[in-house]
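> This is the content of model-v3.pdb (PDB, C-alpha atoms):
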```pdb
ATOM      1  CA  MET A  25       0.000   0.000   0.000  1.00  0.00           C
ATOM      2  CA  PRO A  26       1.510   3.359  -0.965  1.00  0.00           C
ATOM      3  CA  LYS A  27       2.467   5.595   1.933  1.00  0.00           C
ATOM      4  CA  LYS A  28       0.196   8.626   2.369  1.00  0.00           C
ATOM      5  CA  LYS A  29       2.086  11.817   1.750  1.00  0.00           C
ATOM      6  CA  LYS A  30       0.938  14.887   3.668  1.00  0.00           C
ATOM      7  CA  ILE A  31       1.076  18.126   1.738  1.00  0.00           C
ATOM      8  CA  ASN A  32       1.467  21.535   3.315  1.00  0.00           C
ATOM      9  CA  ILE A  33      -0.975  24.006   1.867  1.00  0.00           C
ATOM     10  CA  GLU A  34       0.272  27.535   2.342  1.00  0.00           C
ATOM     11  CA  ASN A  35      -1.242  30.854   1.310  1.00  0.00           C
ATOM     12  CA  SER A  36      -0.516  34.495   0.700  1.00  0.00           C
ATOM     13  CA  VAL A  37      -3.636  35.861   2.377  1.00  0.00           C
ATOM     14  CA  ARG A  38      -1.717  38.087   4.779  1.00  0.00           C
ATOM     15  CA  LYS A  39       0.364  39.634   1.978  1.00  0.00           C
ATOM     16  CA  LEU A  40      -2.704  40.116  -0.216  1.00  0.00           C
ATOM     17  CA  ARG A  41      -4.577  41.789   2.617  1.00  0.00           C
ATOM     18  CA  PHE A  42      -1.827  44.337   3.076  1.00  0.00           C
ATOM     19  CA  ASN A  43      -1.596  44.955  -0.647  1.00  0.00           C
ATOM     20  CA  ASN A  44      -5.338  45.516  -0.662  1.00  0.00           C
ATOM     21  CA  ASN A  45      -5.485  48.843   1.186  1.00  0.00           C
ATOM     22  CA  GLU A  46      -4.314  47.139   4.382  1.00  0.00           C
ATOM     23  CA  MET A  47      -7.563  45.278   4.720  1.00  0.00           C
ATOM     24  CA  THR A  48      -8.121  44.056   8.292  1.00  0.00           C
ATOM     25  CA  GLN A  49      -8.709  40.428   9.212  1.00  0.00           C
ATOM     26  CA  GLN A  50     -12.205  41.371  10.379  1.00  0.00           C
ATOM     27  CA  GLU A  51     -13.018  43.013   7.041  1.00  0.00           C
ATOM     28  CA  LEU A  52     -11.911  39.908   5.134  1.00  0.00           C
ATOM     29  CA  ALA A  53     -13.829  37.693   7.562  1.00  0.00           C
ATOM     30  CA  ASP A  54     -17.004  39.740   7.008  1.00  0.00           C
ATOM     31  CA  LEU A  55     -16.577  39.613   3.225  1.00  0.00           C
ATOM     32  CA  VAL A  56     -16.277  35.822   3.106  1.00  0.00           C
ATOM     33  CA  GLY A  57     -18.698  35.091   5.968  1.00  0.00           C
ATOM     34  CA  VAL A  58     -16.415  33.539   8.593  1.00  0.00           C
ATOM     35  CA  SER A  59     -15.132  34.584  11.998  1.00  0.00           C
ATOM     36  CA  ARG A  60     -11.927  36.605  12.425  1.00  0.00           C
ATOM     37  CA  GLN A  61     -10.410  33.642  14.292  1.00  0.00           C
ATOM     38  CA  THR A  62     -10.789  31.503  11.152  1.00  0.00           C
ATOM     39  CA  VAL A  63      -8.918  34.105   9.074  1.00  0.00           C
ATOM     40  CA  VAL A  64      -6.176  34.122  11.749  1.00  0.00           C
ATOM     41  CA  ALA A  65      -5.943  30.301  11.625  1.00  0.00           C
ATOM     42  CA  ILE A  66      -5.751  30.328   7.797  1.00  0.00           C
ATOM     43  CA  GLU A  67      -2.984  32.954   7.781  1.00  0.00           C
ATOM     44  CA  LYS A  68      -0.956  30.933  10.305  1.00  0.00           C
ATOM     45  CA  TYR A  69      -1.426  27.778   8.118  1.00  0.00           C
ATOM     46  CA  LYS A  70      -3.140  26.109  11.066  1.00  0.00           C
ATOM     47  CA  TYR A  71      -6.375  25.571   9.193  1.00  0.00           C
ATOM     48  CA  THR A  72      -6.855  24.679   5.541  1.00  0.00           C
ATOM     49  CA  PRO A  73     -10.115  26.190   4.291  1.00  0.00           C
ATOM     50  CA  SER A  74     -12.686  24.309   2.255  1.00  0.00           C
ATOM     51  CA  LEU A  75     -12.613  24.705  -1.517  1.00  0.00           C
ATOM     52  CA  GLU A  76     -15.653  26.996  -1.300  1.00  0.00           C
ATOM     53  CA  LEU A  77     -14.007  29.320   1.223  1.00  0.00           C
ATOM     54  CA  ALA A  78     -10.724  29.273  -0.714  1.00  0.00           C
ATOM     55  CA  PHE A  79     -12.609  30.394  -3.853  1.00  0.00           C
ATOM     56  CA  LYS A  80     -14.404  33.112  -1.880  1.00  0.00           C
ATOM     57  CA  ILE A  81     -11.101  34.445  -0.511  1.00  0.00           C
ATOM     58  CA  SER A  82      -9.409  34.460  -3.913  1.00  0.00           C
ATOM     59  CA  THR A  83     -12.456  36.205  -5.418  1.00  0.00           C
ATOM     60  CA  VAL A  84     -12.142  38.989  -2.812  1.00  0.00           C
ATOM     61  CA  PHE A  85      -8.568  39.638  -4.001  1.00  0.00           C
ATOM     62  CA  ASN A  86      -9.438  39.169  -7.707  1.00  0.00           C
ATOM     63  CA  LYS A  87      -6.906  36.352  -7.986  1.00  0.00           C
ATOM     64  CA  GLU A  88      -6.889  32.793  -9.268  1.00  0.00           C
ATOM     65  CA  ILE A  89      -7.168  30.263  -6.446  1.00  0.00           C
ATOM     66  CA  GLN A  90      -3.659  28.872  -7.099  1.00  0.00           C
ATOM     67  CA  GLU A  91      -2.214  32.360  -6.670  1.00  0.00           C
ATOM     68  CA  VAL A  92      -3.609  32.540  -3.159  1.00  0.00           C
ATOM     69  CA  PHE A  93      -3.276  28.911  -2.046  1.00  0.00           C
ATOM     70  CA  TYR A  94      -0.328  26.759  -3.048  1.00  0.00           C
ATOM     71  CA  ILE A  95       1.669  23.735  -1.967  1.00  0.00           C
ATOM     72  CA  GLY A  96       4.473  24.788   0.369  1.00  0.00           C
ATOM     73  CA  GLN A  97       7.836  23.240   1.109  1.00  0.00           C
ATOM     74  CA  GLN A  98       7.679  19.588   2.210  1.00  0.00           C
TER      75      GLN A  98
ATOM     76  CA  MET K  17     -18.956  30.187  20.438  1.00  0.00           C
ATOM     77  CA  THR K  18     -16.850  29.900  23.586  1.00  0.00           C
ATOM     78  CA  ALA K  19     -19.716  31.316  25.667  1.00  0.00           C
ATOM     79  CA  ARG K  20     -22.038  28.590  24.357  1.00  0.00           C
ATOM     80  CA  ILE K  21     -19.495  25.848  25.096  1.00  0.00           C
ATOM     81  CA  LEU K  22     -18.866  27.212  28.598  1.00  0.00           C
ATOM     82  CA  GLY K  23     -22.631  27.504  29.171  1.00  0.00           C
ATOM     83  CA  GLU K  24     -23.213  23.882  28.153  1.00  0.00           C
ATOM     84  CA  MET K  25     -20.329  22.611  30.281  1.00  0.00           C
ATOM     85  CA  SER K  26     -21.348  24.618  33.351  1.00  0.00           C
ATOM     86  CA  GLY K  27     -24.970  23.471  32.941  1.00  0.00           C
ATOM     87  CA  ALA K  28     -23.899  19.821  32.875  1.00  0.00           C
ATOM     88  CA  LEU K  29     -21.586  20.338  35.864  1.00  0.00           C
ATOM     89  CA  LEU K  30     -24.337  22.091  37.842  1.00  0.00           C
ATOM     90  CA  ALA K  31     -26.772  19.257  37.084  1.00  0.00           C
ATOM     91  CA  MET K  32     -24.168  16.678  38.160  1.00  0.00           C
ATOM     92  CA  PHE K  33     -23.725  18.388  41.527  1.00  0.00           C
ATOM     93  CA  TRP K  34     -27.488  18.796  41.968  1.00  0.00           C
ATOM     94  CA  THR K  35     -28.262  15.143  41.211  1.00  0.00           C
ATOM     95  CA  TRP K  36     -25.358  13.976  43.379  1.00  0.00           C
ATOM     96  CA  GLY K  37     -26.769  15.988  46.284  1.00  0.00           C
ATOM     97  CA  ASN K  38     -30.211  14.420  45.788  1.00  0.00           C
ATOM     98  CA  LEU K  39     -28.923  10.872  45.371  1.00  0.00           C
ATOM     99  CA  ASN K  40     -27.131  10.566  48.720  1.00  0.00           C
ATOM    100  CA  GLU K  41     -29.034   7.446  49.680  1.00  0.00           C
ATOM    101  CA  PHE K  42     -29.579   5.974  46.226  1.00  0.00           C
ATOM    102  CA  SER K  43     -28.985   2.417  47.462  1.00  0.00           C
ATOM    103  CA  THR K  44     -32.137   2.605  49.591  1.00  0.00           C
ATOM    104  CA  MET K  45     -34.171   4.570  47.019  1.00  0.00           C
ATOM    105  CA  THR K  46     -36.608   2.884  44.617  1.00  0.00           C
ATOM    106  CA  VAL K  47     -35.893   2.837  40.873  1.00  0.00           C
ATOM    107  CA  LYS K  48     -38.807   5.238  40.392  1.00  0.00           C
ATOM    108  CA  GLU K  49     -37.320   7.763  42.825  1.00  0.00           C
ATOM    109  CA  VAL K  50     -33.864   7.570  41.260  1.00  0.00           C
ATOM    110  CA  ALA K  51     -35.327   7.957  37.754  1.00  0.00           C
ATOM    111  CA  LYS K  52     -37.295  11.005  38.944  1.00  0.00           C
ATOM    112  CA  VAL K  53     -34.172  12.712  40.344  1.00  0.00           C
ATOM    113  CA  LEU K  54     -32.162  11.910  37.192  1.00  0.00           C
ATOM    114  CA  THR K  55     -34.897  13.261  34.915  1.00  0.00           C
ATOM    115  CA  GLN K  56     -35.035  16.457  36.967  1.00  0.00           C
ATOM    116  CA  GLY K  57     -31.235  16.624  36.702  1.00  0.00           C
ATOM    117  CA  ILE K  58     -31.406  16.405  32.903  1.00  0.00           C
ATOM    118  CA  GLY K  59     -34.040  19.164  32.899  1.00  0.00           C
ATOM    119  CA  ILE K  60     -31.818  21.317  35.111  1.00  0.00           C
ATOM    120  CA  ALA K  61     -28.863  20.707  32.774  1.00  0.00           C
ATOM    121  CA  ILE K  62     -30.888  21.922  29.762  1.00  0.00           C
ATOM    122  CA  VAL K  63     -32.337  25.012  31.484  1.00  0.00           C
ATOM    123  CA  ALA K  64     -29.028  25.894  33.207  1.00  0.00           C
ATOM    124  CA  SER K  65     -27.043  25.613  29.979  1.00  0.00           C
ATOM    125  CA  ILE K  66     -29.502  27.957  28.177  1.00  0.00           C
ATOM    126  CA  VAL K  67     -29.468  30.528  31.018  1.00  0.00           C
ATOM    127  CA  LEU K  68     -25.677  30.329  31.489  1.00  0.00           C
ATOM    128  CA  THR K  69     -25.052  30.625  27.729  1.00  0.00           C
ATOM    129  CA  ILE K  70     -27.102  33.847  27.672  1.00  0.00           C
ATOM    130  CA  LEU K  71     -25.219  35.167  30.738  1.00  0.00           C
ATOM    131  CA  PHE K  72     -21.784  34.260  29.338  1.00  0.00           C
ATOM    132  CA  ASN K  73     -22.707  35.908  26.032  1.00  0.00           C
ATOM    133  CA  ILE K  74     -23.686  39.101  27.853  1.00  0.00           C
ATOM    134  CA  PHE K  75     -20.463  39.064  29.943  1.00  0.00           C
ATOM    135  CA  SER K  76     -18.370  38.395  26.858  1.00  0.00           C
ATOM    136  CA  ALA K  77     -20.009  41.280  24.956  1.00  0.00           C
ATOM    137  CA  VAL K  78     -19.678  43.681  27.896  1.00  0.00           C
ATOM    138  CA  PHE K  79     -16.142  42.875  29.049  1.00  0.00           C
ATOM    139  CA  SER K  80     -14.352  41.927  25.836  1.00  0.00           C
ATOM    140  CA  GLY K  81     -16.465  43.926  23.395  1.00  0.00           C
ATOM    141  CA  ASP K  82     -16.706  40.848  21.164  1.00  0.00           C
ATOM    142  CA  HIS K  83     -20.094  40.955  19.435  1.00  0.00           C
ATOM    143  CA  ASN K  84     -19.339  38.220  16.908  1.00  0.00           C
ATOM    144  CA  GLU K  85     -20.227  35.263  19.107  1.00  0.00           C
ATOM    145  CA  GLY K  86     -23.087  34.312  16.778  1.00  0.00           C
ATOM    146  CA  ILE K  87     -20.932  33.644  13.727  1.00  0.00           C
ATOM    147  CA  GLU K  88     -20.521  29.925  13.200  1.00  0.00           C
ATOM    148  CA  ASP K  89     -18.409  28.971  10.220  1.00  0.00           C
ATOM    149  CA  GLU K  90     -16.991  25.813   8.625  1.00  0.00           C
ATOM    150  CA  ARG K  91     -14.129  25.633  11.137  1.00  0.00           C
ATOM    151  CA  ASP K  92     -16.592  25.626  14.048  1.00  0.00           C
ATOM    152  CA  ARG K  93     -18.630  22.917  12.319  1.00  0.00           C
ATOM    153  CA  LEU K  94     -15.494  20.801  11.797  1.00  0.00           C
ATOM    154  CA  TYR K  95     -14.533  21.050  15.469  1.00  0.00           C
ATOM    155  CA  GLU K  96     -18.168  20.396  16.413  1.00  0.00           C
ATOM    156  CA  SER K  97     -18.042  17.147  14.427  1.00  0.00           C
ATOM    157  CA  TYR K  98     -14.837  16.056  16.236  1.00  0.00           C
ATOM    158  CA  SER K  99     -16.371  16.761  19.629  1.00  0.00           C
ATOM    159  CA  ASP K 100     -19.636  15.015  18.650  1.00  0.00           C
ATOM    160  CA  ARG K 101     -17.564  11.963  17.735  1.00  0.00           C
ATOM    161  CA  LEU K 102     -15.868  12.077  21.132  1.00  0.00           C
ATOM    162  CA  PHE K 103     -19.251  12.477  22.860  1.00  0.00           C
ATOM    163  CA  GLY K 104     -20.696   9.498  20.971  1.00  0.00           C
ATOM    164  CA  GLY K 105     -17.630   7.344  21.616  1.00  0.00           C
ATOM    165  CA  LEU K 106     -17.555   8.061  25.338  1.00  0.00           C
ATOM    166  CA  PHE K 107     -21.290   7.664  25.796  1.00  0.00           C
ATOM    167  CA  VAL K 108     -21.518   4.396  23.846  1.00  0.00           C
ATOM    168  CA  SER K 109     -18.488   2.999  25.732  1.00  0.00           C
ATOM    169  CA  ALA K 110     -20.073   3.930  29.059  1.00  0.00           C
ATOM    170  CA  PHE K 111     -23.429   2.472  27.929  1.00  0.00           C
ATOM    171  CA  VAL K 112     -21.822  -0.868  27.015  1.00  0.00           C
ATOM    172  CA  ALA K 113     -19.742  -0.862  30.231  1.00  0.00           C
ATOM    173  CA  THR K 114     -22.925  -0.276  32.255  1.00  0.00           C
ATOM    174  CA  LEU K 115     -24.773  -3.086  30.462  1.00  0.00           C
ATOM    175  CA  VAL K 116     -21.835  -5.450  31.061  1.00  0.00           C
ATOM    176  CA  SER K 117     -21.740  -4.450  34.738  1.00  0.00           C
ATOM    177  CA  LEU K 118     -25.495  -4.967  35.068  1.00  0.00           C
ATOM    178  CA  GLY K 119     -25.462  -8.317  33.283  1.00  0.00           C
ATOM    179  CA  TRP K 120     -22.281  -9.928  34.564  1.00  0.00           C
ATOM    180  CA  PHE K 121     -21.297  -8.201  37.794  1.00  0.00           C
ATOM    181  CA  ASN K 122     -24.748  -7.852  39.411  1.00  0.00           C
ATOM    182  CA  LEU K 123     -24.609  -4.058  39.544  1.00  0.00           C
ATOM    183  CA  PRO K 124     -27.819  -2.680  41.137  1.00  0.00           C
ATOM    184  CA  ILE K 125     -30.196  -1.150  38.582  1.00  0.00           C
ATOM    185  CA  ASN K 126     -30.088   2.193  40.460  1.00  0.00           C
ATOM    186  CA  THR K 127     -26.329   2.412  40.059  1.00  0.00           C
ATOM    187  CA  GLY K 128     -26.670   1.487  36.383  1.00  0.00           C
ATOM    188  CA  LEU K 129     -29.179   4.303  35.799  1.00  0.00           C
ATOM    189  CA  ILE K 130     -26.962   6.823  37.579  1.00  0.00           C
ATOM    190  CA  ALA K 131     -23.889   5.638  35.656  1.00  0.00           C
ATOM    191  CA  LEU K 132     -25.736   6.110  32.345  1.00  0.00           C
ATOM    192  CA  VAL K 133     -26.877   9.656  33.076  1.00  0.00           C
ATOM    193  CA  TYR K 134     -23.513  10.636  34.566  1.00  0.00           C
ATOM    194  CA  SER K 135     -21.683   9.246  31.549  1.00  0.00           C
ATOM    195  CA  GLY K 136     -23.878  11.521  29.394  1.00  0.00           C
ATOM    196  CA  PHE K 137     -22.948  14.554  31.505  1.00  0.00           C
ATOM    197  CA  THR K 138     -19.257  13.587  31.547  1.00  0.00           C
ATOM    198  CA  ALA K 139     -19.181  12.968  27.795  1.00  0.00           C
ATOM    199  CA  GLY K 140     -20.810  16.391  27.279  1.00  0.00           C
ATOM    200  CA  ILE K 141     -18.173  18.092  29.426  1.00  0.00           C
ATOM    201  CA  ALA K 142     -15.331  16.193  27.712  1.00  0.00           C
ATOM    202  CA  SER K 143     -16.597  17.170  24.260  1.00  0.00           C
ATOM    203  CA  GLY K 144     -16.824  20.796  25.437  1.00  0.00           C
ATOM    204  CA  ILE K 145     -13.223  20.683  26.665  1.00  0.00           C
ATOM    205  CA  LEU K 146     -12.119  19.265  23.290  1.00  0.00           C
ATOM    206  CA  LYS K 147     -13.953  22.086  21.462  1.00  0.00           C
ATOM    207  CA  VAL K 148     -12.315  24.748  23.639  1.00  0.00           C
ATOM    208  CA  PHE K 149      -8.909  23.061  23.182  1.00  0.00           C
ATOM    209  CA  LEU K 150      -9.280  22.969  19.384  1.00  0.00           C
ATOM    210  CA  HIS K 151     -10.414  26.600  19.255  1.00  0.00           C
ATOM    211  CA  ARG K 152      -7.491  27.737  21.397  1.00  0.00           C
ATOM    212  CA  LYS K 153      -4.845  25.603  19.688  1.00  0.00           C
ATOM    213  CA  TYR K 154      -5.800  26.215  16.034  1.00  0.00           C
TER     214      TYR K 154
END
```
Can you turn what I pasted into structure tokens?

Amino acid sequence: MPKKKKINIENSVRKLRFNNNEMTQQELADLVGVSRQTVVAIEKYKYTPSLELAFKISTVFNKEIQEVFYIGQQ
Amino acid sequence: MTARILGEMSGALLAMFWTWGNLNEFSTMTVKEVAKVLTQGIGIAIVASIVLTILFNIFSAVFSGDHNEGIEDERDRLYESYSDRLFGGLFVSAFVATLVSLGWFNLPINTGLIALVYSGFTAGIASGILKVFLHRKY
């Protein structure tokens, strides 16, 4: 049986927020309909959002999903 | 979210203390009497958790200024599912353990009833602790 390989999904949400008129975590949370704590967890790579939420976040920044979320270093 | 979890846990804890205080002489009580106390305890747990959740929400809004307690997102639902799994696992284990004790080790029916209800309260508190832990850690 092949060994399961865990992938690290990272993101550039924090950078994009700052490049977007220094948008606050609360503002982003309100725009995508989650709590501020969830945005904090996503930015710290402690929580990987669902595909739906990932699309919502990338739509807020007018980016393709793979520009916001990507596979990090193993 | 945290206020609701704390409310539920405190309600269960309060009901445990209340039932324990009213079941001092459970070995001499009839099954009907024990069942009555336990049912009242469950009722107290439900009412207390609602009242305490409201109070904790008010305190949280007043002292921390956090008015976003109502928002429940996918992360909360994920952690809720983990804690529900823990609740189910603990409760089913305790249920089977009680049945085994009743069937094989001649446990009195009163003790079995109490063990069942207390395992429900304990599983509820444990699942609350897991939810708080997950929210704090991640």
> Taking only C-alpha atoms into account, find every residue of chain A that has an atom no more than 8 Å from chain K, and write it out as a list in words.
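Residues satisfying the distance criterion: Gly57, Val58, Ser59, Thr62, Ala65, Lys70, Tyr71, Pro73 and Ser74 of chain A.
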> Find the distance between CA of Lys87 in chain A and CA of Ile66 in chain A and write it in Å to one decimal.
16.9 Å
> Translate the PyMOL selection byres ((chain A and resi 41) around 12) into a concrete residue list for this structure, as an NGL selection string.
:A and (35-40 or 42-53 or 63 or 67 or 81-82 or 84-86 or 92)
> Quick one: residues within 10 Å of Lys147 in chain K, all atoms listed in the file counted, chain neighbours fewer than 4 positions away excluded, as a list in words?
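Result of the neighbour search: Met17, Thr18, Ile21, Asp92, Leu94, Tyr95, Glu96, Ser97, Tyr98, Ser99, Asp100, Ile141, Ala142, Ser143, His151, Arg152 and Lys153 of chain K.
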> Record the distance separating CA of Val78 in chain K and CA of Leu150 in chain K, expressed in Å with one decimal.
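Computing it gives 24.7 Å between the two atoms.
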> Taking (1.2, 18.9, 3.0) in the file's coordinates, which residues come within 7 Å, counting only C-alpha atoms, written as an mmCIF file with C-alpha atoms, in the frame of the given file?

```cif
data_model
loop_
_atom_site.group_PDB
_atom_site.id
_atom_site.type_symbol
_atom_site.label_atom_id
_atom_site.label_comp_id
_atom_site.auth_asym_id
_atom_site.auth_seq_id
_atom_site.Cartn_x
_atom_site.Cartn_y
_atom_site.Cartn_z
ATOM 1 C CA LYS A 30 0.938 14.887 3.668
ATOM 2 C CA ILE A 31 1.076 18.126 1.738
ATOM 3 C CA ASN A 32 1.467 21.535 3.315
ATOM 4 C CA ILE A 33 -0.975 24.006 1.867
ATOM 5 C CA ILE A 95 1.669 23.735 -1.967
ATOM 6 C CA GLN A 98 7.679 19.588 2.210
#
```
> Would you kindly translate the PyMOL selection byres ((chain K and resi 57) around 8) into the concrete residues it picks from this file, as a ChimeraX atom specification?
/K:31-32,34-35,53-56,58-61
> Written as a PyMOL selection string, what is the full residue list that the PyMOL selection byres ((chain K and resi 137) around 12) yields on the file shown?
chain K and resi 24-33+35+54+57-58+60-62+65+103-104+106-107+110+130-136+138-144
> For the atom pair CA of Thr127 in chain K and CA of Leu146 in chain K, what is the interatomic distance in Å to one decimal place?
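Here the two named atoms are 27.7 Å from each other.
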> Need to verify the contact set: Leu71 in chain K, 10 Å, all atoms listed in the file, exclusion of same-chain residues closer than 5 positions in sequence. Can you return it as a list of chain:residue names?
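The residues that qualify are K:Ala19, K:Arg20, K:Gly23, K:Ser65, K:Ile66, K:Ser76, K:Ala77.
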> Give the padded box for range 134-151 of chain K as AutoDock Vina command-line options: axis-aligned, covering all atoms listed in the file, 8 Å on each side, centre and edge lengths in Å to one decimal.

```
--center_x -16.4 --center_y 17.9 --center_z 26.9 --size_x 31.0 --size_y 33.4 --size_z 31.3
```
